[in-house]
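Participant: So here's structure-v1.txt (compact mmCIF, C-alpha atoms).
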```
# COMPACT_ATOMS: atom_id res chain seq x y z
CA MET A 22 33.55 45.24 -27.96
CA ARG A 23 34.98 44.46 -24.59
CA LEU A 24 32.66 44.47 -21.57
CA SER A 25 33.53 46.18 -18.30
CA GLY A 26 33.57 44.29 -15.01
CA TRP A 27 30.12 45.58 -14.09
CA GLN A 28 28.77 44.58 -17.50
CA TRP A 29 30.18 41.07 -17.11
CA LEU A 30 28.54 40.84 -13.68
CA ALA A 31 25.18 41.87 -15.11
CA VAL A 32 25.41 39.37 -17.97
CA SER A 33 26.48 36.59 -15.58
CA SER A 34 23.55 37.36 -13.27
CA ILE A 35 21.11 37.15 -16.16
CA VAL A 36 22.54 33.80 -17.32
CA LEU A 37 22.48 32.33 -13.80
CA SER A 38 18.92 33.52 -13.25
CA ALA A 39 17.84 31.93 -16.51
CA MET A 40 19.52 28.67 -15.53
CA ALA A 41 17.79 28.72 -12.14
CA VAL A 42 14.38 29.29 -13.75
CA ALA A 43 15.03 26.47 -16.23
CA GLU A 44 16.01 24.15 -13.38
CA THR A 45 12.74 24.75 -11.53
CA ARG A 46 10.59 24.38 -14.64
CA PRO A 47 9.49 20.77 -15.38
CA GLN A 48 11.47 19.25 -18.22
CA TYR A 49 10.46 16.46 -20.58
CA GLY A 50 12.79 13.56 -21.18
CA ALA A 51 15.04 11.15 -19.29
CA THR A 52 14.37 7.71 -17.89
CA LEU A 53 13.73 7.22 -14.19
CA ARG A 54 15.57 4.24 -12.73
CA THR A 55 14.08 2.62 -9.67
CA ALA A 56 13.87 -0.71 -7.88
CA THR A 57 11.48 -2.62 -5.65
CA SER A 58 11.70 -5.55 -3.29
CA ILE A 59 8.65 -7.28 -4.75
CA ALA A 60 9.14 -9.76 -7.58
CA PRO A 61 5.76 -10.21 -9.30
CA VAL A 62 5.38 -12.92 -11.89
CA SER A 63 2.21 -11.31 -13.24
CA LEU A 64 1.18 -7.71 -13.89
CA ASP A 65 -2.52 -8.53 -13.98
CA PRO A 66 -4.16 -6.27 -11.36
CA GLY A 67 -6.90 -8.85 -10.81
CA ASP A 68 -4.50 -11.74 -10.14
CA LYS A 69 -5.33 -12.67 -6.54
CA THR A 70 -2.34 -15.00 -6.28
CA GLN A 71 -0.03 -11.95 -6.18
CA PRO A 72 0.46 -10.38 -2.72
CA ASP A 73 -1.29 -7.05 -2.23
CA THR A 74 1.35 -4.50 -1.21
CA VAL A 75 1.85 -0.76 -1.56
CA ALA A 76 4.68 -1.47 -4.02
CA LYS A 77 2.45 -3.70 -6.17
CA ARG A 78 -0.26 -1.04 -6.27
CA ASN A 79 2.25 1.59 -7.33
CA LEU A 80 3.38 -0.62 -10.20
CA THR A 81 -0.22 -1.15 -11.27
CA ARG A 82 -1.05 2.57 -11.28
CA LEU A 83 1.77 3.30 -13.73
CA MET A 84 0.11 1.21 -16.43
CA PHE A 85 -3.53 0.71 -15.53
CA GLU A 86 -6.34 2.93 -14.26
CA THR A 87 -9.56 2.52 -12.34
CA LEU A 88 -12.95 4.08 -12.97
CA VAL A 89 -12.54 6.26 -9.89
CA THR A 90 -9.68 7.12 -7.55
CA MET A 91 -9.41 8.41 -4.00
CA ASP A 92 -7.44 11.50 -3.13
CA ASP A 93 -5.15 11.92 -0.14
CA ARG A 94 -8.15 12.56 2.13
CA GLY A 95 -10.16 9.57 0.95
CA ARG A 96 -12.48 11.57 -1.29
CA LEU A 97 -13.65 9.96 -4.52
CA ARG A 98 -12.40 11.49 -7.76
CA PRO A 99 -13.36 10.72 -11.39
CA THR A 100 -10.81 8.91 -13.52
CA LEU A 101 -11.99 6.62 -16.33
CA ALA A 102 -15.52 7.35 -15.17
CA THR A 103 -16.62 10.98 -15.24
CA SER A 104 -19.61 10.52 -12.93
CA TRP A 105 -21.66 7.84 -11.20
CA GLN A 106 -25.00 7.37 -9.53
CA ALA A 107 -26.67 4.77 -7.33
CA ALA A 108 -30.29 3.72 -7.58
CA PRO A 109 -32.30 3.72 -4.35
CA GLY A 110 -31.04 0.89 -2.12
CA ASN A 111 -27.41 1.10 -3.39
CA GLN A 112 -27.59 -2.24 -5.20
CA ARG A 113 -27.58 -0.83 -8.73
CA TRP A 114 -24.89 1.62 -9.79
CA GLN A 115 -24.24 3.37 -13.08
CA PHE A 116 -20.83 4.76 -14.10
CA TRP A 117 -20.43 6.99 -17.16
CA VAL A 118 -17.25 6.18 -19.11
CA ARG A 119 -14.88 9.02 -20.07
CA ARG A 120 -14.86 9.72 -23.80
CA GLY A 121 -11.73 9.91 -25.92
CA VAL A 122 -9.61 7.57 -23.80
CA LYS A 123 -7.50 5.02 -25.65
CA PHE A 124 -5.78 1.83 -24.62
CA HIS A 125 -2.05 1.62 -25.19
CA ASP A 126 -2.61 -0.14 -28.53
CA GLY A 127 -4.71 2.78 -29.79
CA SER A 128 -8.09 1.09 -29.42
CA PRO A 129 -10.82 3.13 -27.71
CA LEU A 130 -11.95 2.59 -24.16
CA THR A 131 -15.54 1.36 -24.47
CA PRO A 132 -18.23 0.39 -21.95
CA GLU A 133 -17.92 -3.16 -23.28
CA ALA A 134 -14.19 -3.28 -22.43
CA VAL A 135 -14.81 -1.80 -18.98
CA ALA A 136 -17.58 -4.32 -18.25
CA ALA A 137 -15.42 -7.25 -19.38
CA ALA A 138 -12.54 -6.18 -17.13
CA LEU A 139 -14.75 -5.73 -14.07
CA ARG A 140 -16.51 -9.07 -14.59
CA ALA A 141 -13.16 -10.84 -14.80
CA ALA A 142 -11.99 -9.27 -11.54
CA ASN A 143 -15.34 -9.75 -9.77
CA PRO A 144 -17.11 -12.89 -11.00
CA ASP A 145 -19.93 -12.43 -8.49
CA TRP A 146 -20.87 -9.00 -9.86
CA SER A 147 -23.38 -8.37 -12.61
CA VAL A 148 -21.74 -5.82 -14.94
CA LEU A 149 -23.47 -4.73 -18.13
CA PRO A 150 -22.39 -2.18 -20.75
CA ALA A 151 -24.79 0.57 -21.82
CA ALA A 152 -24.52 3.19 -24.55
CA ASP A 153 -22.01 5.38 -22.72
CA SER A 154 -21.79 3.76 -19.30
CA VAL A 155 -21.59 0.53 -17.35
CA ILE A 156 -24.19 -0.74 -14.91
CA ILE A 157 -23.13 -2.77 -11.88
CA GLU A 158 -25.67 -4.72 -9.85
CA ARG A 159 -24.87 -6.30 -6.49
CA ASN A 160 -26.96 -8.91 -4.67
CA VAL A 161 -26.71 -6.80 -1.48
CA PRO A 162 -26.76 -3.03 -0.88
CA ASP A 163 -23.25 -1.57 -1.22
CA SER A 164 -22.86 2.12 -0.49
CA ASP A 165 -19.06 1.73 -0.79
CA LEU A 166 -18.99 0.34 -4.32
CA PRO A 167 -17.09 3.35 -5.77
CA ALA A 168 -14.42 2.90 -3.07
CA TRP A 169 -14.06 -0.76 -4.03
CA LEU A 170 -13.68 0.28 -7.67
CA ALA A 171 -10.89 2.67 -6.67
CA ARG A 172 -8.71 -0.25 -5.58
CA PRO A 173 -5.96 -1.02 -8.15
CA ARG A 174 -7.14 -4.65 -8.39
CA ASN A 175 -10.20 -3.24 -10.22
CA ALA A 176 -8.10 -1.44 -12.83
CA ILE A 177 -9.40 -1.66 -16.38
CA THR A 178 -7.28 -3.89 -18.63
CA LYS A 179 -7.59 -5.90 -21.79
CA ARG A 180 -5.45 -8.15 -23.97
CA SER A 181 -3.96 -6.93 -27.23
CA GLU A 182 -4.14 -9.06 -30.35
CA GLY A 183 -0.75 -10.46 -29.39
CA GLY A 184 -1.98 -11.35 -25.92
CA THR A 185 -0.15 -8.55 -24.09
CA LEU A 186 -1.94 -7.01 -21.14
CA ILE A 187 -2.63 -3.35 -21.85
CA GLY A 188 -4.21 -0.45 -20.04
CA THR A 189 -4.84 3.26 -20.37
CA GLY A 190 -2.31 4.59 -17.84
CA PRO A 191 0.46 7.18 -18.23
CA PHE A 192 3.05 4.52 -19.16
CA HIS A 193 2.98 1.41 -21.34
CA ILE A 194 5.06 -1.76 -21.20
CA VAL A 195 8.10 -2.09 -23.46
CA ASP A 196 9.96 -4.88 -21.65
CA TRP A 197 8.59 -7.30 -19.08
CA GLN A 198 10.76 -9.98 -17.53
CA PRO A 199 8.67 -11.61 -14.78
CA ALA A 200 10.19 -11.21 -11.30
CA LYS A 201 13.26 -9.49 -12.80
CA LYS A 202 12.64 -6.30 -14.72
CA LEU A 203 9.92 -3.97 -15.99
CA ALA A 204 10.59 -1.20 -18.50
CA LEU A 205 7.93 1.36 -19.35
CA ALA A 206 7.66 4.20 -21.85
CA ALA A 207 5.56 7.33 -21.71
CA ASN A 208 2.06 7.08 -23.16
CA GLU A 209 2.21 9.81 -25.80
CA SER A 210 -1.59 9.80 -26.14
CA TYR A 211 -2.40 9.74 -22.43
CA TRP A 212 -5.73 11.46 -21.84
CA GLY A 213 -4.37 13.17 -18.72
CA GLY A 214 -1.38 14.62 -20.59
CA ARG A 215 1.96 13.06 -21.47
CA PRO A 216 4.22 12.35 -18.48
CA PHE A 217 7.43 14.38 -18.24
CA LEU A 218 9.53 11.23 -18.09
CA ASP A 219 10.33 9.36 -21.30
CA GLY A 220 10.35 6.09 -19.40
CA VAL A 221 10.69 4.19 -16.15
CA GLU A 222 12.99 1.21 -15.59
CA ILE A 223 12.26 -0.94 -12.55
CA GLU A 224 14.47 -3.68 -11.14
CA LEU A 225 12.38 -6.28 -9.34
CA GLY A 226 13.26 -8.40 -6.33
CA ARG A 227 15.97 -6.08 -4.99
CA ALA A 228 16.43 -5.95 -1.20
CA SER A 229 16.19 -2.51 0.39
CA HIS A 230 19.88 -2.56 1.35
CA ASP A 231 20.90 -3.23 -2.26
CA GLN A 232 18.57 -0.51 -3.47
CA LEU A 233 20.15 2.06 -1.17
CA LEU A 234 23.60 1.01 -2.33
CA GLY A 235 22.47 1.50 -5.91
CA LEU A 236 21.15 4.94 -5.00
CA ASP A 237 24.47 5.93 -3.43
CA LEU A 238 26.33 4.71 -6.51
CA GLY A 239 24.02 6.65 -8.84
CA LYS A 240 22.54 3.52 -10.40
CA VAL A 241 18.95 4.17 -9.29
CA ASP A 242 16.99 7.36 -8.68
CA ILE A 243 14.47 6.01 -6.16
CA ALA A 244 14.98 3.29 -3.56
CA GLU A 245 12.57 1.77 -1.08
CA VAL A 246 13.42 2.23 2.59
CA VAL A 247 12.09 -0.29 5.07
CA ALA A 248 10.56 1.19 8.22
CA GLU A 249 13.36 0.18 10.58
CA GLN A 250 15.98 1.81 8.31
CA SER A 251 14.20 5.10 7.63
CA HIS A 252 15.79 7.06 10.50
CA ARG A 253 19.30 5.88 9.72
CA ALA A 254 18.84 6.48 6.00
CA SER A 255 17.84 10.04 6.76
CA THR A 256 20.66 10.73 9.24
CA ASP A 257 23.13 9.36 6.68
CA GLY A 258 22.22 12.34 4.51
CA ARG A 259 19.79 10.72 2.12
CA ARG A 260 16.62 12.43 0.99
CA VAL A 261 13.95 10.24 2.58
CA MET A 262 10.17 10.51 2.25
CA THR A 263 7.84 8.42 4.42
CA SER A 264 4.12 7.77 4.33
CA ALA A 265 1.66 7.74 7.18
CA PRO A 266 1.44 4.36 8.98
CA VAL A 267 -0.14 2.10 6.33
CA GLU A 268 0.86 -1.48 7.17
CA LEU A 269 -0.48 -3.38 10.15
CA MET A 270 1.83 -5.89 11.80
CA ALA A 271 -0.25 -8.28 13.88
CA LEU A 272 -0.57 -11.73 15.40
CA VAL A 273 -3.26 -13.87 13.79
CA PHE A 274 -4.43 -17.04 15.54
CA ALA A 275 -5.07 -20.11 13.41
CA ARG A 276 -8.51 -20.85 14.89
CA ASP A 277 -11.22 -19.42 17.09
CA ARG A 278 -10.70 -19.67 20.84
CA GLN A 279 -12.10 -22.95 22.11
CA SER A 280 -12.60 -22.07 25.80
CA PRO A 281 -12.55 -19.18 28.30
CA GLU A 282 -9.09 -20.37 29.39
CA GLU A 283 -7.78 -20.03 25.86
CA GLY A 284 -9.20 -16.52 25.76
CA LYS A 285 -7.31 -15.68 28.95
CA LEU A 286 -4.06 -16.94 27.43
CA ARG A 287 -4.56 -14.79 24.35
CA GLU A 288 -5.26 -11.74 26.48
CA ALA A 289 -2.20 -12.52 28.61
CA LEU A 290 -0.05 -12.76 25.49
CA ALA A 291 -1.31 -9.40 24.22
CA LEU A 292 -0.58 -7.76 27.56
CA SER A 293 2.91 -9.29 27.80
CA ILE A 294 4.22 -7.68 24.60
CA ASP A 295 6.41 -4.63 25.13
CA ARG A 296 5.51 -2.73 21.96
CA SER A 297 7.23 0.44 23.13
CA SER A 298 10.57 -1.30 23.59
CA ILE A 299 10.30 -3.15 20.28
CA ARG A 300 9.53 0.12 18.49
CA SER A 301 12.46 1.87 20.13
CA VAL A 302 15.07 -0.86 19.68
CA VAL A 303 14.00 -2.98 16.70
CA LEU A 304 12.07 -0.43 14.64
CA GLN A 305 14.48 2.39 15.54
CA GLY A 306 11.55 4.64 16.39
CA ALA A 307 9.59 4.03 13.19
CA GLY A 308 5.90 3.29 13.11
CA GLU A 309 3.40 3.40 15.92
CA PRO A 310 2.47 0.80 18.55
CA SER A 311 -1.16 -0.13 18.01
CA GLY A 312 -3.92 -2.04 19.68
CA GLY A 313 -6.33 -1.36 16.81
CA ILE A 314 -6.60 -2.73 13.29
CA LEU A 315 -7.01 0.61 11.50
CA PRO A 316 -4.39 3.34 11.95
CA ASN A 317 -5.56 6.23 14.08
CA TRP A 318 -5.22 8.74 11.22
CA ILE A 319 -7.88 6.79 9.33
CA SER A 320 -10.30 5.88 12.11
CA GLY A 321 -9.77 8.74 14.55
CA TYR A 322 -10.23 6.42 17.53
CA GLY A 323 -7.27 4.04 17.30
CA PHE A 324 -5.79 5.41 20.53
CA VAL A 325 -8.75 3.91 22.46
CA PHE A 326 -7.45 0.37 22.01
CA GLY A 327 -4.78 -0.48 24.57
CA ASP A 328 -1.24 -1.14 23.36
CA THR A 329 0.83 -0.86 26.57
CA GLN A 330 2.50 -3.76 28.33
CA ASN A 331 0.96 -4.92 31.64
CA LEU A 332 3.12 -7.79 32.76
CA ASP A 333 1.50 -8.10 36.18
CA ARG A 334 -1.96 -8.55 34.69
CA ALA A 335 -0.55 -10.94 32.06
CA ARG A 336 0.93 -13.14 34.80
CA GLU A 337 -2.31 -13.03 36.75
CA LEU A 338 -4.29 -14.25 33.75
CA ARG A 339 -1.71 -16.93 33.03
CA SER A 340 -1.98 -18.21 36.63
CA GLU A 341 -5.69 -18.76 36.11
CA VAL A 342 -4.97 -21.40 33.43
CA PRO A 343 -3.47 -24.52 35.07
CA ARG A 344 -2.37 -26.13 31.84
CA ALA A 345 -1.07 -24.02 28.99
CA PRO A 346 0.59 -25.97 26.18
CA ALA A 347 3.47 -24.49 24.22
CA GLN A 348 2.39 -22.78 21.03
CA THR A 349 4.19 -22.07 17.76
CA LEU A 350 4.63 -18.55 16.41
CA GLY A 351 5.23 -18.55 12.67
CA TYR A 352 6.68 -15.83 10.46
CA ASP A 353 7.88 -15.36 6.88
CA ALA A 354 11.44 -16.70 6.57
CA ALA A 355 12.23 -13.99 4.01
CA ASP A 356 11.20 -11.21 6.41
CA SER A 357 14.18 -10.38 8.64
CA LEU A 358 12.20 -7.81 10.62
CA ALA A 359 9.47 -10.35 11.36
CA ARG A 360 12.09 -12.80 12.64
CA VAL A 361 13.50 -10.31 15.16
CA ILE A 362 10.08 -9.18 16.33
CA ALA A 363 8.85 -12.77 16.66
CA GLU A 364 11.85 -13.56 18.86
CA ARG A 365 11.17 -10.52 21.04
CA ILE A 366 7.51 -11.51 21.40
CA ALA A 367 8.55 -15.01 22.47
CA LEU A 368 10.82 -13.51 25.15
CA ASN A 369 8.05 -11.20 26.38
CA ALA A 370 5.63 -14.12 26.51
CA ARG A 371 8.08 -16.18 28.53
CA ASP A 372 8.19 -13.41 31.16
CA ALA A 373 4.44 -13.93 31.56
CA GLY A 374 4.76 -17.71 31.79
CA ILE A 375 3.66 -18.41 28.21
CA THR A 376 5.78 -20.64 25.98
CA LEU A 377 6.07 -19.67 22.32
CA GLN A 378 8.31 -21.45 19.85
CA THR A 379 9.17 -19.42 16.74
CA THR A 380 9.06 -21.21 13.39
CA THR A 381 9.19 -20.51 9.67
CA SER A 382 6.87 -23.41 8.96
CA GLY A 383 3.70 -22.62 7.05
CA ILE A 384 1.67 -24.30 9.77
CA SER A 385 1.63 -22.69 13.22
CA ASP A 386 -0.73 -21.80 16.04
CA ILE A 387 -0.09 -18.09 15.58
CA ARG A 388 1.24 -16.13 12.61
CA LEU A 389 3.07 -12.81 12.64
CA VAL A 390 1.73 -11.08 9.52
CA ARG A 391 1.82 -7.79 7.65
CA LEU A 392 -1.49 -6.44 6.38
CA PRO A 393 -1.32 -3.34 4.17
CA LEU A 394 -4.02 -0.69 4.36
CA ALA A 395 -6.23 -1.57 1.39
CA SER A 396 -8.19 1.64 1.05
CA LEU A 397 -8.60 5.13 2.47
CA ASN A 398 -12.23 4.19 2.97
CA PRO A 399 -12.17 2.75 6.53
CA ARG A 400 -15.01 0.27 5.98
CA VAL A 401 -13.36 -1.14 2.86
CA ALA A 402 -10.03 -1.24 4.69
CA LEU A 403 -11.49 -3.12 7.67
CA LEU A 404 -13.33 -5.63 5.48
CA THR A 405 -10.16 -6.28 3.48
CA VAL A 406 -8.01 -6.84 6.57
CA ALA A 407 -10.55 -9.33 7.90
CA ALA A 408 -10.65 -11.22 4.60
CA SER A 409 -6.85 -11.24 4.23
CA ALA A 410 -6.41 -12.59 7.77
CA GLY A 411 -9.11 -15.24 7.40
CA LEU A 412 -11.38 -13.58 9.97
CA SER A 413 -15.14 -13.26 10.01
CA ALA A 414 -16.35 -10.18 8.16
CA PRO A 415 -17.12 -7.24 10.46
CA LYS A 416 -20.76 -6.30 10.94
CA PHE A 417 -21.69 -2.72 10.08
CA THR A 418 -24.97 -1.28 11.32
CA GLY A 419 -24.46 2.12 9.71
CA ASN A 420 -21.93 4.53 8.25
CA SER A 421 -20.99 6.58 11.30
CA ALA A 422 -17.68 6.57 13.17
CA GLU A 423 -19.44 4.86 16.07
CA ASP A 424 -20.63 2.08 13.75
CA LEU A 425 -17.07 1.65 12.45
CA TYR A 426 -15.72 1.51 15.99
CA GLN A 427 -18.24 -1.13 17.01
CA ALA A 428 -17.37 -3.24 13.95
CA GLU A 429 -13.64 -3.09 14.67
CA SER A 430 -14.21 -3.76 18.37
CA GLY A 431 -16.18 -6.87 17.45
CA ILE A 432 -13.24 -8.26 15.49
CA LEU A 433 -10.83 -7.60 18.36
CA ARG A 434 -13.14 -9.11 20.99
CA ALA A 435 -13.17 -12.37 19.03
CA GLN A 436 -9.42 -12.62 19.81
CA ARG A 437 -8.38 -13.99 16.43
CA ILE A 438 -6.09 -11.01 15.84
CA THR A 439 -3.80 -8.97 18.10
CA ALA A 440 -2.58 -5.70 16.59
CA LEU A 441 1.04 -4.75 17.24
CA PHE A 442 2.31 -1.92 15.05
CA GLN A 443 1.28 0.42 12.25
CA LEU A 444 4.26 0.84 9.91
CA PRO A 445 4.97 3.43 7.20
CA VAL A 446 6.56 2.90 3.81
CA GLY A 447 9.50 5.04 2.79
CA TYR A 448 11.50 6.10 -0.26
CA ALA A 449 14.99 7.53 -0.66
CA LEU A 450 15.32 9.88 -3.63
CA SER A 451 18.19 11.08 -5.75
CA PRO A 452 18.64 14.88 -5.75
CA ALA A 453 17.84 14.75 -9.47
CA VAL A 454 14.25 13.62 -8.82
CA LYS A 455 11.99 16.67 -9.03
CA ASP A 456 8.34 17.27 -8.10
CA TRP A 457 8.10 14.07 -6.08
CA ASN A 458 4.61 13.61 -4.72
CA GLN A 459 3.19 10.80 -2.67
CA ASP A 460 -0.07 10.35 -0.82
CA ARG A 461 -0.31 9.52 2.86
CA ASP A 462 -0.93 5.88 1.95
CA GLY A 463 2.38 5.66 0.06
CA SER A 464 0.91 6.03 -3.43
CA GLU A 465 3.44 7.47 -5.87
CA HIS A 466 2.67 9.86 -8.72
CA LEU A 467 5.51 9.28 -11.16
CA GLU A 468 3.47 10.81 -13.98
CA ASN A 469 4.34 14.21 -12.44
CA VAL A 470 8.04 13.51 -11.74
CA TRP A 471 10.83 14.88 -13.90
CA ILE A 472 14.61 14.56 -13.82
CA GLY A 473 16.78 17.63 -13.30
CA SER A 474 20.43 18.14 -12.60
CA LYS A 475 21.97 17.23 -9.28
CA PRO A 476 22.98 20.14 -7.02
```
Show how you would write the structure in this file as structure tokens.
Facilitator:
Amino acid sequence: MRLSGWQWLAVSSIVLSAMAVAETRPQYGATLRTATSIAPVSLDPGDKTQPDTVAKRNLTRLMFETLVTMDDRGRLRPTLATSWQAAPGNQRWQFWVRRGVKFHDGSPLTPEAVAAALRAANPDWSVLPAADSVIIERNVPDSDLPAWLARPRNAITKRSEGGTLIGTGPFHIVDWQPAKKLALAANESYWGGRPFLDGVEIELGRASHDQLLGLDLGKVDIAEVVAEQSHRASTDGRRVMTSAPVELMALVFARDRQSPEEGKLREALALSIDRSSIRSVVLQGAGEPSGGILPNWISGYGFVFGDTQNLDRARELRSEVPRAPAQTLGYDAADSLARVIAERIALNARDAGITLQTTTSGISDIRLVRLPLASLNPRVALLTVAASAGLSAPKFTGNSAEDLYQAESGILRAQRITALFQLPVGYALSPAVKDWNQDRDGSEHLENVWIGSKP
């Protein structure tokens, strides 16, 4: 029977509606292709020789899990532990292990395996397995222990009989070529539900420019976008997602100030830097100038610390120091952004009468460094920045915002670190990537992603 024009229109509408519904409904299958600029030679979350970056943490979370996690607002959530409790004094903690979880080789997650993993990552902790839990004892009170356990470096791992590192995460390793490639497959028995993707293929050690080219050519589905390229990548028509500012760029001095005059020179240098101009020209408007260590969205008081240039005051302080030797400003030779910013800082310093010589040598008077936000818990984040930069640990007298502010102020007053910028991380996505979700700290959730058709 032949259909009339109106009948054909009705049938076509039904078919198109069904296709639209199918396109918006998550679909199982497909392999996500992505790339990253990091080139790890080890996947061990507890390997302290590997740089701690947002990209490294995202890799870790695909395969390995922690006892607890933190949500986008810094609230603790159960993961491999279902609950936890501290004894009076916060030195002894007990975490109850989730039942029914299996490692990628099919072996059960046990308190013994959890305790072994945590002891390996934290040799100074006392970690003991119990019937259905693990007990952690610290030699000092630690009200933030769950937040420390939420860090990916405390993910629970073990070695298979063949020596392969395995975890409990949504994906398991199928091909690992150190510093070159990582291929993962969906964990069919994942306790949180099988991921929609069949697998994830990750090219390692790819520069952001090459990643974007691969995205344009359809060779990758997700590419990293460095902060200074995020605006251009977006205006070029790419689908770009950026995090909140999560990486501190700062100057770190090699030693404590030795005299009041040296302190004046460090203050003069800080005041000479035109952060606003560098952000506008070099960073192309990305990130935020900062005088504080923690980003304002974490601390709530970051705006209090000065970050504006005051060249007149810088020159005045410089004039109070009769003899000011030239100093070296070091940066990572592989970091093109650091090179440009270091050169701009040297020019700003010269305007104040301070001589800085840029260098890629590992030994310098001052280093231009990047320090990623380690945790959404501000005390853990501040302690980690201090440790990473070789600074004295901040002193906390309590858990209030005022106590946090005083601790951060103490670090800054010591003049071992001068904050410059808080930078975001960004990703460019193929139109085929559906249900993309990332936290404010740049954490990806590829277990929820699926691949649809391109528009």
Participant: Nearest to Ala171 in chain A: which of A:Glu86, A:Asp353, A:Glu337, A:Asp460 is it, counting all atoms listed in the file?
Facilitator: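 Of A:Glu86, A:Asp353, A:Glu337, A:Asp460, the one nearest Ala171 in chain A is A:Glu86, counting all atoms listed in the file.
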Participant: Between A:Val62, A:Leu234, A:Leu97, A:Leu83, which has the minimum distance to Ala207 in chain A (counting only C-alpha atoms)?
Facilitator: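 The answer is A:Leu83, which sits nearest to Ala207 in chain A.
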Participant: Which residue out of A:Gly313, A:Ser164, A:Leu358, A:Asp65 has the minimum interatomic distance to Gly419 in chain A when all atoms listed in the file are used?
Facilitator: A:Ser164
Participant: Which of these residues is nearest to Ala138 in chain A, using only C-alpha atoms: A:Asn175, A:Gln279, A:Gln250, A:Gln427?
Facilitator: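 For Ala138 in chain A, the nearest of the given residues is A:Asn175.
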Participant: What's the 7 Å shell around range 140-146 of chain A, counting all atoms listed in the file, without same-chain residues fewer than 5 positions away, as a list in words?
Facilitator: Gly67, Ile157, Glu158, Arg159 and Asn175 of chain A
Participant: So that I can see what lies close to Trp318 in chain A, please list as an mmCIF file with C-alpha atoms, in the coordinates of the input the residues with an atom at most 10 Å from it, counting all atoms listed in the file and leaving out residues fewer than 3 positions away in the same chain.
Facilitator:
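Output file result_7.cif follows:
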```
data_model
loop_
_atom_site.group_PDB
_atom_site.id
_atom_site.type_symbol
_atom_site.label_atom_id
_atom_site.label_comp_id
_atom_site.auth_asym_id
_atom_site.auth_seq_id
_atom_site.Cartn_x
_atom_site.Cartn_y
_atom_site.Cartn_z
ATOM 1 C CA ALA A 265 1.660 7.740 7.180
ATOM 2 C CA PRO A 266 1.440 4.360 8.980
ATOM 3 C CA VAL A 267 -0.140 2.100 6.330
ATOM 4 C CA LEU A 315 -7.010 0.610 11.500
ATOM 5 C CA GLY A 321 -9.770 8.740 14.550
ATOM 6 C CA TYR A 322 -10.230 6.420 17.530
ATOM 7 C CA GLY A 323 -7.270 4.040 17.300
ATOM 8 C CA PHE A 324 -5.790 5.410 20.530
ATOM 9 C CA ARG A 461 -0.310 9.520 2.860
#
```
Participant: Pick from A:Leu467, A:Ala359, A:Ile59, A:Ala152: nearest to Lys202 in chain A, with only C-alpha atoms counted?
Facilitator: A:Ile59
Participant: Draw an axis-aligned box tight on the listed atoms of range 361-375 of chain A, then pad every side by 8 Å and write out centre and edge lengths in Å to one decimal as lines of an AutoDock Vina configuration file.
Facilitator:
```
center_x = 8.6
center_y = -13.8
center_z = 23.5
size_x = 25.8
size_y = 25.2
size_z = 32.6
```
Participant: Please indicate the distance in Å from CA of Ala76 in chain A to CA of His193 in chain A, rounded to one decimal place.
Facilitator: 17.6 Å
Participant: Can you tell me which residues surround Leu394 in chain A at a distance of at most 12 Å, considering only C-alpha atoms, apart from same-chain residues fewer than 5 positions away, and format the answer as a VMD selection string?
Facilitator: chain A and resid 73 to 75 78 172 264 to 270 314 to 316 318 to 320 399 to 407 409 443 to 446 461 to 464
Participant: Counting all atoms listed in the file, what is within 7 Å of Ile223 in chain A, bar same-chain residues fewer than 6 positions away, as a list in words?
Facilitator: Arg54, Thr55, Ala56, Lys202, Leu203 and Ala204 of chain A
Participant: Pick out the closest residue to Gln198 in chain A from this set: A:Pro173, A:Leu64, A:Leu139, A:Phe217. Count only C-alpha atoms.
Facilitator: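 Nearest candidate to Gln198 in chain A out of A:Pro173, A:Leu64, A:Leu139, A:Phe217: A:Leu64.
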Participant: If we count all atoms listed in the file and set the cut-off at 8 Å, which residues sit around Leu236 in chain A, ignoring sequence neighbours fewer than 6 positions away in its own chain? Please answer as a PDB file with C-alpha atoms, keeping the file's coordinate frame.
Facilitator:
```pdb
ATOM      1  CA  ASP A 242      16.990   7.360  -8.680  1.00  0.00           C
ATOM      2  CA  ILE A 243      14.470   6.010  -6.160  1.00  0.00           C
ATOM      3  CA  ALA A 244      14.980   3.290  -3.560  1.00  0.00           C
ATOM      4  CA  ALA A 449      14.990   7.530  -0.660  1.00  0.00           C
ATOM      5  CA  LEU A 450      15.320   9.880  -3.630  1.00  0.00           C
ATOM      6  CA  SER A 451      18.190  11.080  -5.750  1.00  0.00           C
TER       7      SER A 451
END
```
